[in-house]
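S.K.: Data: start-v8.pdb, PDB, C-alpha atoms.
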```
ATOM      1  CA  MET A 228     -73.627 -91.859  34.731  1.00  0.00           C
ATOM      2  CA  ILE A 229     -76.269 -89.400  35.867  1.00  0.00           C
ATOM      3  CA  GLU A 230     -76.078 -88.708  39.598  1.00  0.00           C
ATOM      4  CA  LEU A 231     -79.492 -87.651  40.881  1.00  0.00           C
ATOM      5  CA  LYS A 232     -80.919 -87.780  44.384  1.00  0.00           C
ATOM      6  CA  ALA A 233     -84.376 -87.627  45.899  1.00  0.00           C
ATOM      7  CA  GLY A 234     -85.491 -84.006  46.062  1.00  0.00           C
ATOM      8  CA  ASP A 235     -83.669 -82.878  42.898  1.00  0.00           C
ATOM      9  CA  CYS A 236     -85.974 -80.937  40.570  1.00  0.00           C
ATOM     10  CA  VAL A 237     -85.522 -81.596  36.846  1.00  0.00           C
ATOM     11  CA  VAL A 238     -85.813 -78.682  34.437  1.00  0.00           C
ATOM     12  CA  GLU A 239     -86.818 -80.410  31.210  1.00  0.00           C
ATOM     13  CA  ASN A 240     -89.634 -82.896  30.728  1.00  0.00           C
ATOM     14  CA  ILE A 241     -88.171 -86.381  30.971  1.00  0.00           C
ATOM     15  CA  ALA A 242     -89.609 -88.372  28.117  1.00  0.00           C
ATOM     16  CA  GLU A 243     -88.690 -91.483  26.217  1.00  0.00           C
ATOM     17  CA  LYS A 244     -85.221 -90.524  25.056  1.00  0.00           C
ATOM     18  CA  GLU A 245     -81.633 -91.111  26.118  1.00  0.00           C
ATOM     19  CA  TYR A 246     -79.855 -88.755  28.500  1.00  0.00           C
ATOM     20  CA  SER A 247     -76.210 -88.434  29.380  1.00  0.00           C
ATOM     21  CA  ARG A 248     -76.965 -85.530  31.727  1.00  0.00           C
ATOM     22  CA  VAL A 249     -80.053 -83.964  33.253  1.00  0.00           C
ATOM     23  CA  GLU A 250     -80.321 -80.309  34.273  1.00  0.00           C
ATOM     24  CA  VAL A 251     -81.549 -79.790  37.820  1.00  0.00           C
ATOM     25  CA  ALA A 252     -82.650 -76.557  39.482  1.00  0.00           C
ATOM     26  CA  PRO A 253     -83.824 -75.430  42.890  1.00  0.00           C
ATOM     27  CA  CYS A 254     -87.413 -76.588  43.309  1.00  0.00           C
ATOM     28  CA  ALA A 255     -88.516 -72.985  43.958  1.00  0.00           C
ATOM     29  CA  LYS A 256     -87.678 -72.263  40.304  1.00  0.00           C
ATOM     30  CA  GLU A 257     -89.681 -73.513  37.323  1.00  0.00           C
ATOM     31  CA  HIS A 258     -89.185 -77.230  36.768  1.00  0.00           C
ATOM     32  CA  SER A 259     -90.876 -80.180  35.100  1.00  0.00           C
ATOM     33  CA  SER A 260     -90.552 -82.896  37.714  1.00  0.00           C
ATOM     34  CA  GLU A 261     -88.955 -83.911  40.990  1.00  0.00           C
ATOM     35  CA  ILE A 262     -86.852 -86.963  41.728  1.00  0.00           C
ATOM     36  CA  PHE A 263     -88.518 -88.917  44.535  1.00  0.00           C
ATOM     37  CA  ALA A 264     -86.314 -92.006  44.631  1.00  0.00           C
ATOM     38  CA  THR A 265     -83.098 -93.488  43.348  1.00  0.00           C
ATOM     39  CA  PHE A 266     -82.063 -97.096  43.716  1.00  0.00           C
ATOM     40  CA  GLU A 267     -79.765 -99.677  42.213  1.00  0.00           C
ATOM     41  CA  LEU A 268     -80.914-102.732  40.335  1.00  0.00           C
ATOM     42  CA  GLU A 269     -79.250-106.061  41.068  1.00  0.00           C
ATOM     43  CA  ASN A 270     -75.732-106.644  39.802  1.00  0.00           C
ATOM     44  CA  GLY A 271     -75.073-109.248  37.161  1.00  0.00           C
ATOM     45  CA  ASP A 272     -75.617-109.507  33.449  1.00  0.00           C
ATOM     46  CA  PHE A 273     -77.969-107.027  31.799  1.00  0.00           C
ATOM     47  CA  PRO A 274     -81.407-108.668  32.097  1.00  0.00           C
ATOM     48  CA  GLY A 275     -82.856-106.997  28.997  1.00  0.00           C
ATOM     49  CA  ASP A 276     -84.761-103.796  28.362  1.00  0.00           C
ATOM     50  CA  LYS A 277     -88.163-105.240  29.286  1.00  0.00           C
ATOM     51  CA  GLU A 278     -86.953-106.617  32.635  1.00  0.00           C
ATOM     52  CA  VAL A 279     -85.112-103.378  33.499  1.00  0.00           C
ATOM     53  CA  ASP A 280     -88.275-101.408  32.695  1.00  0.00           C
ATOM     54  CA  GLU A 281     -90.382-103.679  34.923  1.00  0.00           C
ATOM     55  CA  LEU A 282     -87.889-103.557  37.810  1.00  0.00           C
ATOM     56  CA  ALA A 283     -87.579 -99.771  37.598  1.00  0.00           C
ATOM     57  CA  GLY A 284     -91.327 -99.261  37.378  1.00  0.00           C
ATOM     58  CA  GLN A 285     -92.021-101.500  40.361  1.00  0.00           C
ATOM     59  CA  GLY A 286     -89.188 -99.955  42.356  1.00  0.00           C
ATOM     60  CA  CYS A 287     -90.545 -96.460  41.771  1.00  0.00           C
ATOM     61  CA  TYR A 288     -94.103 -97.545  42.540  1.00  0.00           C
ATOM     62  CA  ASP A 289     -92.944 -99.112  45.817  1.00  0.00           C
ATOM     63  CA  ARG A 290     -91.111 -95.918  46.878  1.00  0.00           C
ATOM     64  CA  PHE A 291     -93.727 -93.364  45.772  1.00  0.00           C
ATOM     65  CA  GLU A 292     -95.882 -93.278  48.906  1.00  0.00           C
ATOM     66  CA  SER A 293     -93.000 -92.772  51.326  1.00  0.00           C
ATOM     67  CA  PHE A 294     -91.951 -89.598  49.471  1.00  0.00           C
ATOM     68  CA  VAL A 295     -95.314 -88.163  48.409  1.00  0.00           C
ATOM     69  CA  GLY A 296     -97.399 -89.198  51.414  1.00  0.00           C
ATOM     70  CA  ILE A 297    -100.134 -91.076  49.545  1.00  0.00           C
ATOM     71  CA  SER A 298    -100.081 -94.113  47.289  1.00  0.00           C
ATOM     72  CA  TYR A 299     -99.514 -93.704  43.566  1.00  0.00           C
ATOM     73  CA  ASP A 300    -102.955 -95.201  42.926  1.00  0.00           C
ATOM     74  CA  ASP A 301    -104.591 -92.455  45.046  1.00  0.00           C
ATOM     75  CA  SER A 302    -102.426 -89.636  43.686  1.00  0.00           C
ATOM     76  CA  LYS A 303    -103.132 -87.325  40.757  1.00  0.00           C
ATOM     77  CA  LEU A 304     -99.400 -87.156  40.048  1.00  0.00           C
ATOM     78  CA  ASP A 305     -97.822 -88.973  37.151  1.00  0.00           C
ATOM     79  CA  MET A 306     -94.616 -90.965  37.392  1.00  0.00           C
ATOM     80  CA  THR A 307     -91.815 -91.614  34.953  1.00  0.00           C
ATOM     81  CA  TYR A 308     -88.299 -92.908  35.426  1.00  0.00           C
ATOM     82  CA  LEU A 309     -84.852 -93.018  33.918  1.00  0.00           C
ATOM     83  CA  LEU A 310     -83.491 -96.451  33.043  1.00  0.00           C
ATOM     84  CA  PRO A 311     -79.947 -97.681  32.592  1.00  0.00           C
ATOM     85  CA  LEU A 312     -79.124 -98.864  29.089  1.00  0.00           C
ATOM     86  CA  GLU A 313     -77.220-102.026  28.329  1.00  0.00           C
ATOM     87  CA  ASP A 314     -74.165 -99.940  27.336  1.00  0.00           C
ATOM     88  CA  SER A 315     -74.085 -98.320  30.781  1.00  0.00           C
ATOM     89  CA  TRP A 316     -74.922-101.438  32.778  1.00  0.00           C
TER
END
```
Please express what this file holds, its structure, as structure tokens.
M.R.:
Amino acid sequence: MIELKAGDCVVENIAEKEYSRVEVAPCAKEHSSEIFATFELENGDFPGDKEVDELAGQGCYDRFESFVGISYDDSKLDMTYLLPLEDSW
């Protein structure tokens, strides 16, 4: 399990691939992105990749403004997220 927290800066560009670990660095150093939220999805059976993607996307969207200071829709920043896989659920 990857343990990240809001404020961690990620060195490499997080793209559509699987990670077992993510390198973080002080935000004063060169980095690709910054973690602005972490949250747990509901317990229970794995709801499927599509549902996990939708829940994660909405959860990040809902938390964006409180960290950045403006809504995602008004921001020029892009957002991506890491998802749990069924094997790690």
S.K.: Hey, what's within 12 Å of Tyr288 of chain A if we count all atoms listed in the file and toss same-chain stuff fewer than 2 positions away? As a list in words, please?
M.R.: Phe263, Ala264, Thr265, Glu281, Leu282, Ala283, Gly284, Gln285, Gly286, Arg290, Phe291, Glu292, Ser293, Phe294, Val295, Ile297, Ser298, Tyr299, Asp300, Asp301, Ser302, Leu304, Asp305, Met306, Thr307 and Tyr308 of chain A
S.K.: Given the file above and the PyMOL selection byres ((chain A and resi 310) around 8), which residues are selected, and can you give them as a list in words?
M.R.: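 Expected selection for the PyMOL selection byres ((chain A and resi 310) around 8) here is Val279, Asp280, Ala283, Tyr308, Leu309, Pro311 and Leu312 of chain A.
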S.K.: So which one's closest to Gly234 of chain A, A:Pro274, A:Cys287, A:Ser260, A:Lys303? Using only C-alpha atoms, please.
M.R.: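 Looking only at the distances to Gly234 of chain A, the closest residue turns out to be A:Ser260.
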S.K.: Take the PyMOL selection byres ((chain A and resi 255) around 12), apply it to the structure above, and return the hits as an MDAnalysis selection string.
M.R.: chainID A and resid 234:238 251:254 256:261
S.K.: Kindly save the residues from that selection, with C-alpha atoms included, as a compact mmCIF listing (two decimals), in the coordinates of the input.
M.R.:
```
# COMPACT_ATOMS: atom_id res chain seq x y z
CA GLY A 234 -85.49 -84.01 46.06
CA ASP A 235 -83.67 -82.88 42.90
CA CYS A 236 -85.97 -80.94 40.57
CA VAL A 237 -85.52 -81.60 36.85
CA VAL A 238 -85.81 -78.68 34.44
CA VAL A 251 -81.55 -79.79 37.82
CA ALA A 252 -82.65 -76.56 39.48
CA PRO A 253 -83.82 -75.43 42.89
CA CYS A 254 -87.41 -76.59 43.31
CA LYS A 256 -87.68 -72.26 40.30
CA GLU A 257 -89.68 -73.51 37.32
CA HIS A 258 -89.18 -77.23 36.77
CA SER A 259 -90.88 -80.18 35.10
CA SER A 260 -90.55 -82.90 37.71
CA GLU A 261 -88.96 -83.91 40.99
```
S.K.: Box time for segment 299-316 of chain A: axis-aligned, enclosing all its listed atoms, 3 Å extra on each side; report centre and edge lengths in Å to one decimal, as lines of an AutoDock Vina configuration file.
M.R.:
```
center_x = -89.3
center_y = -94.6
center_z = 36.2
size_x = 36.5
size_y = 20.9
size_z = 23.7
```
S.K.: Point out the residue among A:Glu267, A:Asp289, A:Glu230, A:Gly296 with the least atom-to-atom distance to Tyr246 of chain A, counting all atoms listed in the file.
M.R.: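 Selected residue with least distance to Tyr246 of chain A: A:Glu230.
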